[in-house]
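Undergrad: This structure is in structure tokens; I'll ask about it shortly.
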2 protein chains.
Amino acid sequence: MIHMPYLLFLGDAPDQLAAKVAQGIADWRPEAALGQLRLPGCGADLGLPDMSLAEAREAGAKTLVIGVANRGGVISKSWKAVLLEALALGYDLASGLHNLLRDEPDLAAAAKAEGRILHDVRVPPVHYPIANGVRRTGKRCLAVGTDCSLGKMYTALAMDDAMQKRGLKSAFRATGQTGILITGEGVPLDAVVADFMAGAVEWLTPDNDPDHWDHIEGQGSLFHISYSGVTMALIHGGQPDALILAHEPTRTHMRGLPDYQLPSLETLRDTALPLARVANPACAVVGISVNTKALDDDAAAMCLAEIEDRMGLPTIDPVRQGAGRLVDALLAL
Amino acid sequence: MIHMPYLLFLGDAPDQLAAKVAQGIADWRPEAALGQLRLPGCGADLGLPDMSLAEAREAGAKTLVIGVANRGGVISKSWKAVLLEALALGYDLASGLHNLLRDEPDLAAAAKAEGRILHDVRVPPVHYPIANGVRRTGKRCLAVGTDCSLGKMYTALAMDDAMQKRGLKSAFRATGQTGILITGEGVPLDAVVADFMAGAVEWLTPDNDPDHWDHIEGQGSLFHISYSGVTMALIHGGQPDALILAHEPTRTHMRGLPDYQLPSLETLRDTALPLARVANPACAVVGISVNTKALDDDAAAMCLAEIEDRMGLPTIDPVRQGAGRLVDALLAL
């Protein structure tokens, strides 16, 4: 268990997307996010108070969470001084980076000397089985995207939140570092060995009550060549009853791949649904979640209306409107 | 480098498919396969001389290769006595199992005491990059199957063999333990961490001469829910110019998944090709490789003719006929 509250370390994040781990915690566990710590040149801002390590510690912060992800997941040299000072001040550290805290000799030594804990939430804590494909009881929903990093996790969290508020049976199932930092448990899917990916998703979403919905955190995209295998394992291991299509309408190319265009929502639907029906022949696409953060209110409303009209499915931005209409669509299945 | 020749250990393999690692070595490196060693109850037979450890050692065997794969990749207790005796007799050991030789304390201690080497070919030897999707020079061919374990590796080896015999530029690119044991190098793809799968395939098939063909060893199937993520990473990391469809016509359900039916070749084609064109818009399906081992000569000929007529693509069994017609189809692209 990671001790809260947190001070969120944004490092030298070049832009807001690079700080999505911290943003997720600030949005979904605001009571746990005391403040943010930024280095010179940081291009991200959570709107939280900027605090020094000493200030936040005095205010009660127990864990410094590395809330920034850089390509490859490396612990930057410019971060080291901050992390070592944090350990000296009595913080635990938590990180979802590929480059593990525990693998840095200076951090490991300092943590041991100070009696602090290094939480590497990316390390799979159990040995997952190979997927067996057996149908499980209970219901499951998965968001699949036209690209990475466009709101699949937010969609799942918002749907879970909407169901909880209605008193319905629901769980958010974390598959990435942010989700795990938010909920305290889950599967760090992109760090799982290939043969066990789908089995890990089966393990994460076991038999449940017939009217219980798991909202599985999506990863990657079938159309993002770097991570499509992870998405495929979620679709087959999750055996979802319902798919949500996730989209960001202003993106000009796939994230990190300047030569790759985003697919249309129609292409995403027609690709993902037949693949999902391999594992669950009853699977249906029930709605669309659009990240309209880059649009003003009028443009967002027009965008959502155009997509809803074109696709014939309830279309919402979970951040602007909540996910109530997507939950309605689930319950109507 | 693993020292040859080998004694192939089949253990208590329940059937011939479970010994496919040993079969692959016997078929493609016959000069390296001195004999087979089988335990009571073994249901596999390579047609090689049955030899004791001492007999094969005397005949010159240098490495005992674990040529049997069981579900989950565990080193069975019944194998331990054999492996320890082999080390005592001066053998190195080689294995592609998930359960590593080096992680077994008794084997590790015996190897150290005897000065022998434990080759775990499943362990990725390098830290692979995240796939960047940049187009590479040279040509690549990948077989995708209606199921697992139906001849994708044989197809790639046969195509490489046919090209080599014509003096054309060609390489077999191993992605599994058998392939690595055959060629001495490659990527153990099902043991790679999820985020780096596609990058590992890019690393394995780098820029090459414009008229050079990589024959990438396929893995899993887009329709096999346990391993479909690995297949997806091969399709996107490999950015193939040509796909071969692989099929086994007598299989009644997906391997290991009794509730799952095989897709048709048409469904496989219509699923795999659009996904491949995400990474390589020029990709084409050029031929079909059918494993007719379970059929007699007449039935095999009828089966191949029926599929060729129906699908309009050159259709061969590489074991019965070689892969010359598939190579012709590649060169005609």
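A note on labels: chains of the structure tokens are A, B, ... as shown, every chain counts residues from 1, and ligands are counted from 1 in their shown order.
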Please provide the set of residues having any atom within 9 Å of Asp209 (chain A), restricted to only C-alpha atoms, with same-chain residues fewer than 5 positions apart removed, written as a PyMOL selection string.
TA: chain A and resi 137-139+169
Undergrad: As a ChimeraX atom specification, please: every residue in region 98-311 of chain A that a backbone DSSP assignment puts in helix (DSSP H, G or I).
TA: /A:101-103,105-114,152-165,177-183,189-191,194-204,228-238,265-279,297-311
Undergrad: Give me the RMSD in Å over all C-alpha atoms, paired in order, after least-squares superposition of chain A onto chain B.
TA: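 Result of the CA superposition: 0.0 Å.
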Undergrad: With the cut-off set at 10 Å and counting only C-alpha atoms, tabulate each residue of chain B with an atom at most that distance from an atom of chain A, showing the nearest atom pair and its distance in Å to one decimal, ordered by chain and increasing number, as a tab-separated table.
TA:
```
residue	atom	partner	partner_atom	distance
B:Arg71	CA	A:Ile130	CA	8.5
B:Gly72	CA	A:Ile130	CA	7.0
B:His98	CA	A:Asp195	CA	9.5
B:Pro129	CA	A:Gly72	CA	7.8
B:Ile130	CA	A:Ser226	CA	6.3
B:Ala131	CA	A:Ser226	CA	4.8
B:Asn132	CA	A:Ser226	CA	6.7
B:Gly133	CA	A:Ile225	CA	6.5
B:Val134	CA	A:Asp259	CA	7.8
B:Arg135	CA	A:Asp259	CA	9.3
B:Pro188	CA	A:Ala194	CA	10.0
B:Leu189	CA	A:Ala194	CA	7.2
B:Asp190	CA	A:Ala194	CA	4.8
B:Ala191	CA	A:Val193	CA	5.4
B:Val192	CA	A:Val193	CA	5.5
B:Val193	CA	A:Val193	CA	4.3
B:Ala194	CA	A:Asp190	CA	4.8
B:Asp195	CA	A:Asp190	CA	5.0
B:Phe196	CA	A:Ser226	CA	7.7
B:Met197	CA	A:Ala194	CA	7.4
B:Ala198	CA	A:Ser226	CA	5.7
B:Gly199	CA	A:Ser226	CA	6.9
B:Gly220	CA	A:Asp195	CA	9.6
B:Leu222	CA	A:Leu275	CA	8.1
B:Phe223	CA	A:Val278	CA	6.6
B:His224	CA	A:His236	CA	8.4
B:Ile225	CA	A:His236	CA	5.1
B:Ser226	CA	A:Ala131	CA	4.8
B:Tyr227	CA	A:Asp195	CA	6.1
B:Ser228	CA	A:Met232	CA	6.4
B:Gly229	CA	A:Gly229	CA	3.9
B:Val230	CA	A:Gly229	CA	5.9
B:Thr231	CA	A:Gly229	CA	7.3
B:Met232	CA	A:Gly229	CA	4.9
B:Ala233	CA	A:Gly229	CA	5.0
B:Leu234	CA	A:Gly229	CA	8.6
B:Ile235	CA	A:Ile225	CA	8.6
B:His236	CA	A:Ile225	CA	5.1
B:Gly237	CA	A:Ile225	CA	6.7
B:Gly238	CA	A:Ile225	CA	9.8
B:Gln239	CA	A:Ile225	CA	9.2
B:Gly256	CA	A:Asn132	CA	7.8
B:Leu257	CA	A:Asn132	CA	6.7
B:Pro258	CA	A:Gly133	CA	9.3
B:Asp259	CA	A:Val134	CA	7.8
B:Tyr260	CA	A:Val278	CA	8.0
B:Gln261	CA	A:Val278	CA	9.0
B:Leu262	CA	A:Val278	CA	9.8
B:Pro263	CA	A:Val278	CA	9.1
B:Thr267	CA	A:Pro274	CA	9.9
B:Thr271	CA	A:Thr271	CA	7.7
B:Pro274	CA	A:Thr271	CA	8.6
B:Leu275	CA	A:Phe223	CA	7.6
B:Ala276	CA	A:Ile225	CA	9.7
B:Val278	CA	A:Phe223	CA	6.6
B:Ala279	CA	A:Ile225	CA	6.8
```
Undergrad: Find the spatial neighbours of Gly43 (chain A), counting only C-alpha atoms, within a cut-off of 10 Å - ignore same-chain residues fewer than 2 positions away - and output them as an NGL selection string.
TA: :A and (10-19 or 38-41 or 45)
Undergrad: Just to be explicit: take each residue in the selection above, keep N, CA and C atoms, and write the result as an mmCIF file, in the first residue's frame.
TA:
```
data_model
loop_
_atom_site.group_PDB
_atom_site.id
_atom_site.type_symbol
_atom_site.label_atom_id
_atom_site.label_comp_id
_atom_site.auth_asym_id
_atom_site.auth_seq_id
_atom_site.Cartn_x
_atom_site.Cartn_y
_atom_site.Cartn_z
ATOM 1 N N LEU A 10 6.700 16.527 -11.237
ATOM 2 C CA LEU A 10 6.513 16.649 -12.690
ATOM 3 C C LEU A 10 7.836 16.750 -13.443
ATOM 4 N N GLY A 11 8.942 16.896 -12.724
ATOM 5 C CA GLY A 11 10.259 16.943 -13.358
ATOM 6 C C GLY A 11 10.338 18.002 -14.428
ATOM 7 N N ASP A 12 10.930 17.618 -15.557
ATOM 8 C CA ASP A 12 11.077 18.529 -16.694
ATOM 9 C C ASP A 12 10.137 18.109 -17.826
ATOM 10 N N ALA A 13 8.928 17.681 -17.473
ATOM 11 C CA ALA A 13 7.936 17.241 -18.467
ATOM 12 C C ALA A 13 7.816 18.283 -19.579
ATOM 13 N N PRO A 14 8.009 17.877 -20.852
ATOM 14 C CA PRO A 14 7.990 18.871 -21.926
ATOM 15 C C PRO A 14 6.593 19.433 -22.190
ATOM 16 N N ASP A 15 5.571 18.658 -21.916
ATOM 17 C CA ASP A 15 4.212 19.135 -22.174
ATOM 18 C C ASP A 15 3.250 18.452 -21.211
ATOM 19 N N GLN A 16 1.996 18.841 -21.297
ATOM 20 C CA GLN A 16 0.998 18.357 -20.353
ATOM 21 C C GLN A 16 0.783 16.839 -20.478
ATOM 22 N N LEU A 17 0.816 16.330 -21.724
ATOM 23 C CA LEU A 17 0.610 14.891 -21.928
ATOM 24 C C LEU A 17 1.669 14.072 -21.192
ATOM 25 N N ALA A 18 2.895 14.584 -21.142
ATOM 26 C CA ALA A 18 3.979 13.858 -20.479
ATOM 27 C C ALA A 18 3.736 13.749 -18.975
ATOM 28 N N ALA A 19 2.860 14.585 -18.437
ATOM 29 C CA ALA A 19 2.548 14.548 -17.005
ATOM 30 C C ALA A 19 1.208 13.875 -16.734
ATOM 31 N N ARG A 38 7.957 21.066 -9.636
ATOM 32 C CA ARG A 38 8.395 21.174 -11.027
ATOM 33 C C ARG A 38 9.834 21.661 -11.118
ATOM 34 N N LEU A 39 10.579 21.118 -12.088
ATOM 35 C CA LEU A 39 11.951 21.565 -12.343
ATOM 36 C C LEU A 39 11.937 22.669 -13.389
ATOM 37 N N PRO A 40 13.033 23.443 -13.491
ATOM 38 C CA PRO A 40 13.110 24.476 -14.535
ATOM 39 C C PRO A 40 12.871 23.862 -15.917
ATOM 40 N N GLY A 41 12.065 24.538 -16.734
ATOM 41 C CA GLY A 41 11.785 24.059 -18.085
ATOM 42 C C GLY A 41 10.573 23.168 -18.168
ATOM 43 N N ASP A 45 1.526 21.758 -16.022
ATOM 44 C CA ASP A 45 1.000 22.435 -14.831
ATOM 45 C C ASP A 45 -0.335 21.804 -14.478
#
```
Undergrad: I'd like the contact shell of Asn99 (chain B) - 10 Å cut-off, only C-alpha atoms, skipping same-chain residues fewer than 6 positions apart - returned as a list in words.
TA: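 Within the cut-off, the hits are Gly72, Gly73, Val74, Ile75, Ser76, Asp120 and Arg122 of chain B.
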Undergrad: Since we have the selection now, will you write its residues out, keeping N, CA, C and O atoms, as a short mmCIF file (atom, residue, chain, number, x, y, z; two decimals), in the first residue's frame?
TA:
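See part_17.cif below for the written result:
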```
data_model
loop_
_atom_site.label_atom_id
_atom_site.label_comp_id
_atom_site.auth_asym_id
_atom_site.auth_seq_id
_atom_site.Cartn_x
_atom_site.Cartn_y
_atom_site.Cartn_z
N GLY B 72 2.97 -23.67 -20.19
CA GLY B 72 3.53 -22.92 -19.07
C GLY B 72 5.04 -22.96 -19.04
O GLY B 72 5.68 -22.14 -18.40
N GLY B 73 5.65 -23.92 -19.74
CA GLY B 73 7.10 -23.95 -19.88
C GLY B 73 7.85 -24.30 -18.61
O GLY B 73 8.90 -23.76 -18.32
N VAL B 74 7.33 -25.27 -17.85
CA VAL B 74 7.93 -25.64 -16.57
C VAL B 74 8.94 -26.77 -16.76
O VAL B 74 8.76 -27.63 -17.63
N ILE B 75 10.02 -26.76 -15.96
CA ILE B 75 10.97 -27.88 -15.94
C ILE B 75 10.42 -28.94 -15.00
O ILE B 75 10.36 -28.74 -13.79
N SER B 76 10.01 -30.05 -15.57
CA SER B 76 9.37 -31.12 -14.81
C SER B 76 10.37 -31.78 -13.86
O SER B 76 11.56 -31.90 -14.17
N ASP B 120 19.82 -20.60 -21.79
CA ASP B 120 18.38 -20.33 -21.76
C ASP B 120 18.05 -19.44 -22.94
O ASP B 120 18.10 -18.20 -22.83
N ARG B 122 15.42 -18.58 -24.24
CA ARG B 122 14.22 -17.77 -24.12
C ARG B 122 14.51 -16.40 -23.51
O ARG B 122 13.67 -15.50 -23.57
#
```
Undergrad: Taking the backbone alone, and naming residues the way the document does, which bits of region 150-218 of chain A are strand (DSSP E) by DSSP, as a PyMOL selection string?
TA: chain A and resi 170-173+213-216
Undergrad: Please dump the current selection as a PDB file, in the first residue's frame; keep N, CA, C and O atoms.
TA:
```
ATOM      1  N   SER A 170     -19.791  -2.120  -9.713  1.00  0.00           N
ATOM      2  CA  SER A 170     -18.838  -1.635 -10.697  1.00  0.00           C
ATOM      3  C   SER A 170     -17.444  -1.595 -10.094  1.00  0.00           C
ATOM      4  O   SER A 170     -17.278  -1.371  -8.894  1.00  0.00           O
ATOM      5  N   ALA A 171     -16.427  -1.825 -10.938  1.00  0.00           N
ATOM      6  CA  ALA A 171     -15.038  -1.670 -10.504  1.00  0.00           C
ATOM      7  C   ALA A 171     -14.209  -1.132 -11.651  1.00  0.00           C
ATOM      8  O   ALA A 171     -14.430  -1.487 -12.810  1.00  0.00           O
ATOM      9  N   PHE A 172     -13.259  -0.261 -11.335  1.00  0.00           N
ATOM     10  CA  PHE A 172     -12.249   0.175 -12.301  1.00  0.00           C
ATOM     11  C   PHE A 172     -11.075  -0.783 -12.191  1.00  0.00           C
ATOM     12  O   PHE A 172     -10.580  -1.033 -11.090  1.00  0.00           O
ATOM     13  N   ARG A 173     -10.649  -1.354 -13.321  1.00  0.00           N
ATOM     14  CA  ARG A 173      -9.547  -2.323 -13.321  1.00  0.00           C
ATOM     15  C   ARG A 173      -8.336  -1.690 -13.987  1.00  0.00           C
ATOM     16  O   ARG A 173      -8.292  -1.538 -15.203  1.00  0.00           O
ATOM     17  N   TRP A 213     -20.162  -4.782 -13.405  1.00  0.00           N
ATOM     18  CA  TRP A 213     -19.356  -4.352 -14.558  1.00  0.00           C
ATOM     19  C   TRP A 213     -17.934  -4.024 -14.130  1.00  0.00           C
ATOM     20  O   TRP A 213     -17.719  -3.209 -13.238  1.00  0.00           O
ATOM     21  N   ASP A 214     -16.968  -4.673 -14.811  1.00  0.00           N
ATOM     22  CA  ASP A 214     -15.573  -4.240 -14.740  1.00  0.00           C
ATOM     23  C   ASP A 214     -15.338  -3.217 -15.840  1.00  0.00           C
ATOM     24  O   ASP A 214     -15.660  -3.477 -17.010  1.00  0.00           O
ATOM     25  N   HIS A 215     -14.778  -2.075 -15.476  1.00  0.00           N
ATOM     26  CA  HIS A 215     -14.350  -1.084 -16.467  1.00  0.00           C
ATOM     27  C   HIS A 215     -12.842  -1.222 -16.608  1.00  0.00           C
ATOM     28  O   HIS A 215     -12.087  -0.772 -15.740  1.00  0.00           O
ATOM     29  N   ILE A 216     -12.424  -1.891 -17.675  1.00  0.00           N
ATOM     30  CA  ILE A 216     -11.012  -2.213 -17.853  1.00  0.00           C
ATOM     31  C   ILE A 216     -10.296  -1.032 -18.494  1.00  0.00           C
ATOM     32  O   ILE A 216     -10.728  -0.515 -19.526  1.00  0.00           O
TER      33      ILE A 216
END
```
Undergrad: Residues within 7 Å of region 318-321 of chain B, please, as a compact mmCIF listing (two decimals) with N, CA, C and O atoms, in the first residue's frame. Count only C-alpha atoms; anything in the same chain fewer than 5 positions from it doesn't count.
TA:
```txt
# COMPACT_ATOMS: atom_id res chain seq x y z
N THR B 155 7.32 -22.88 -42.75
CA THR B 155 7.10 -22.13 -43.98
C THR B 155 8.22 -21.14 -44.21
O THR B 155 8.78 -21.05 -45.31
N ALA B 158 11.45 -22.94 -45.03
CA ALA B 158 11.42 -23.51 -46.38
C ALA B 158 11.56 -22.42 -47.44
O ALA B 158 12.22 -22.63 -48.47
N SER B 289 0.17 -21.52 -47.09
CA SER B 289 0.96 -22.68 -46.69
C SER B 289 0.08 -23.57 -45.83
O SER B 289 -0.41 -23.16 -44.78
```
Undergrad: Counting only C-alpha atoms, what is within 12 Å of Lys293 (chain B), bar same-chain residues fewer than 4 positions away, as a short mmCIF file (atom, residue, chain, number, x, y, z; two decimals) with N, CA, C and O atoms, in the first residue's frame?
TA:
```cif
data_model
loop_
_atom_site.label_atom_id
_atom_site.label_comp_id
_atom_site.auth_asym_id
_atom_site.auth_seq_id
_atom_site.Cartn_x
_atom_site.Cartn_y
_atom_site.Cartn_z
N GLN B 16 3.34 -35.61 -30.46
CA GLN B 16 4.38 -35.14 -31.36
C GLN B 16 4.49 -33.61 -31.36
O GLN B 16 5.57 -33.05 -31.42
N LEU B 17 3.32 -32.93 -31.25
CA LEU B 17 3.33 -31.46 -31.25
C LEU B 17 4.14 -30.91 -30.08
O LEU B 17 4.79 -29.88 -30.19
N LEU B 150 1.09 -24.55 -36.35
CA LEU B 150 0.63 -25.27 -37.54
C LEU B 150 1.56 -25.10 -38.73
O LEU B 150 1.19 -25.48 -39.84
N GLY B 151 2.78 -24.59 -38.52
CA GLY B 151 3.72 -24.62 -39.62
C GLY B 151 4.26 -23.28 -40.09
O GLY B 151 4.88 -23.20 -41.15
N HIS B 247 -2.25 -22.67 -42.44
CA HIS B 247 -3.46 -23.37 -42.03
C HIS B 247 -3.18 -24.86 -41.84
O HIS B 247 -2.26 -25.41 -42.43
N GLU B 248 -4.01 -25.48 -40.97
CA GLU B 248 -3.97 -26.93 -40.77
C GLU B 248 -5.42 -27.40 -40.90
O GLU B 248 -6.27 -27.05 -40.07
N PRO B 249 -5.74 -28.16 -41.95
CA PRO B 249 -7.15 -28.36 -42.31
C PRO B 249 -7.93 -29.34 -41.43
O PRO B 249 -9.15 -29.39 -41.53
N THR B 250 -7.25 -30.11 -40.59
CA THR B 250 -7.98 -31.13 -39.82
C THR B 250 -8.22 -30.72 -38.37
O THR B 250 -8.81 -31.47 -37.60
N ARG B 251 -7.74 -29.56 -37.99
CA ARG B 251 -7.86 -29.17 -36.58
C ARG B 251 -9.31 -28.82 -36.26
O ARG B 251 -9.95 -28.10 -37.02
N ASP B 297 -1.61 -38.74 -49.27
CA ASP B 297 -1.18 -37.98 -50.45
C ASP B 297 -2.37 -37.47 -51.26
O ASP B 297 -2.39 -36.30 -51.68
N ASP B 298 -3.35 -38.34 -51.52
CA ASP B 298 -4.48 -37.92 -52.34
C ASP B 298 -5.30 -36.83 -51.65
O ASP B 298 -5.66 -35.83 -52.26
N ALA B 299 -5.57 -37.04 -50.38
CA ALA B 299 -6.36 -36.06 -49.64
C ALA B 299 -5.62 -34.72 -49.57
O ALA B 299 -6.22 -33.65 -49.67
N ALA B 300 -4.30 -34.79 -49.39
CA ALA B 300 -3.50 -33.56 -49.34
C ALA B 300 -3.58 -32.82 -50.67
O ALA B 300 -3.80 -31.60 -50.70
N ALA B 301 -3.43 -33.54 -51.76
CA ALA B 301 -3.48 -32.89 -53.08
C ALA B 301 -4.85 -32.25 -53.31
O ALA B 301 -4.94 -31.13 -53.82
N CYS B 303 -6.97 -31.24 -51.01
CA CYS B 303 -7.10 -30.11 -50.08
C CYS B 303 -6.39 -28.88 -50.63
O CYS B 303 -6.95 -27.76 -50.65
N ASP B 317 2.14 -27.21 -49.50
CA ASP B 317 2.61 -27.72 -48.22
C ASP B 317 4.13 -27.72 -48.30
O ASP B 317 4.71 -28.48 -49.08
N PRO B 318 4.80 -26.88 -47.51
CA PRO B 318 6.26 -26.75 -47.68
C PRO B 318 7.00 -28.04 -47.37
O PRO B 318 8.10 -28.26 -47.90
N VAL B 319 6.42 -28.90 -46.53
CA VAL B 319 7.10 -30.14 -46.19
C VAL B 319 7.01 -31.13 -47.37
O VAL B 319 7.97 -31.81 -47.71
N ARG B 320 5.85 -31.18 -48.02
CA ARG B 320 5.69 -32.10 -49.15
C ARG B 320 6.35 -31.60 -50.42
O ARG B 320 6.87 -32.37 -51.21
#
```
Undergrad: Taking only C-alpha atoms into account, name the residue in A:Ser78, A:Thr175, A:Gln164, A:Gln219 that is nearest to Val144 (chain A).
TA: A:Gln219
Undergrad: Of the residues B:Gly115, B:Gly60, B:Gly67, B:Gly322, which is the one nearest to Ser95 (chain B), using only C-alpha atoms?
TA: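 Of all the options, B:Gly67 lies closest to Ser95 (chain B).
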Undergrad: Just the number, please: distance in Å from CA of Ala162 (chain B) to CA of Gly184 (chain B), one decimal.
TA: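 Value for the CA of Ala162 (chain B)-CA of Gly184 (chain B) distance: 20.0 Å.
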Undergrad: What separation in Å, quoted to one decimal, exists between CA of Arg269 (chain B) and CA of Met302 (chain B)?
TA: 21.3 Å
Undergrad: Tell me which of A:Met254, A:Ala294, A:Ala272, A:Leu265 sits closest to Glu308 (chain A), counting only C-alpha atoms.
TA: A:Leu265
Undergrad: Tell me which protein, DNA and RNA residues are within 8 Å of Glu217 (chain B), counting only C-alpha atoms, leaving out same-chain ones fewer than 4 positions away, and put them as an mmCIF file with N, CA, C and O atoms, in the first residue's frame.
TA:
```cif
data_model
loop_
_atom_site.group_PDB
_atom_site.id
_atom_site.type_symbol
_atom_site.label_atom_id
_atom_site.label_comp_id
_atom_site.auth_asym_id
_atom_site.auth_seq_id
_atom_site.Cartn_x
_atom_site.Cartn_y
_atom_site.Cartn_z
ATOM 1 N N LEU B 142 6.054 -12.477 -43.757
ATOM 2 C CA LEU B 142 5.592 -13.034 -42.476
ATOM 3 C C LEU B 142 4.437 -13.985 -42.733
ATOM 4 O O LEU B 142 3.502 -13.657 -43.473
ATOM 5 N N ALA B 143 4.487 -15.152 -42.105
ATOM 6 C CA ALA B 143 3.344 -16.073 -42.149
ATOM 7 C C ALA B 143 2.444 -15.821 -40.945
ATOM 8 O O ALA B 143 2.923 -15.683 -39.820
ATOM 9 N N LYS B 152 4.054 -22.218 -39.310
ATOM 10 C CA LYS B 152 4.557 -20.914 -39.749
ATOM 11 C C LYS B 152 6.082 -20.889 -39.804
ATOM 12 O O LYS B 152 6.665 -20.343 -40.740
ATOM 13 N N MET B 153 6.732 -21.502 -38.807
ATOM 14 C CA MET B 153 8.192 -21.510 -38.799
ATOM 15 C C MET B 153 8.726 -22.355 -39.956
ATOM 16 O O MET B 153 9.685 -21.948 -40.639
ATOM 17 N N ALA B 156 8.573 -20.391 -43.159
ATOM 18 C CA ALA B 156 9.638 -19.395 -43.287
ATOM 19 C C ALA B 156 10.983 -20.056 -43.570
ATOM 20 O O ALA B 156 11.762 -19.592 -44.408
ATOM 21 N N PHE B 172 16.469 -16.200 -42.609
ATOM 22 C CA PHE B 172 15.418 -16.621 -41.687
ATOM 23 C C PHE B 172 15.617 -15.866 -40.390
ATOM 24 O O PHE B 172 16.721 -15.848 -39.838
ATOM 25 N N ARG B 173 14.565 -15.215 -39.906
ATOM 26 C CA ARG B 173 14.666 -14.420 -38.677
ATOM 27 C C ARG B 173 13.876 -15.106 -37.573
ATOM 28 O O ARG B 173 12.641 -15.077 -37.562
ATOM 29 N N ALA B 174 14.592 -15.710 -36.638
ATOM 30 C CA ALA B 174 13.966 -16.524 -35.593
ATOM 31 C C ALA B 174 13.322 -15.657 -34.516
ATOM 32 O O ALA B 174 13.913 -14.684 -34.058
ATOM 33 N N THR B 175 12.099 -16.014 -34.123
ATOM 34 C CA THR B 175 11.402 -15.308 -33.041
ATOM 35 C C THR B 175 10.971 -16.251 -31.921
ATOM 36 O O THR B 175 10.265 -15.828 -31.002
ATOM 37 N N GLY B 176 11.383 -17.526 -32.010
ATOM 38 C CA GLY B 176 11.008 -18.478 -30.970
ATOM 39 C C GLY B 176 12.173 -19.386 -30.637
ATOM 40 O O GLY B 176 13.204 -19.373 -31.313
ATOM 41 N N GLY B 179 13.503 -21.787 -33.432
ATOM 42 C CA GLY B 179 14.222 -21.042 -34.457
ATOM 43 C C GLY B 179 15.585 -20.590 -33.965
ATOM 44 O O GLY B 179 16.580 -20.658 -34.695
#
```
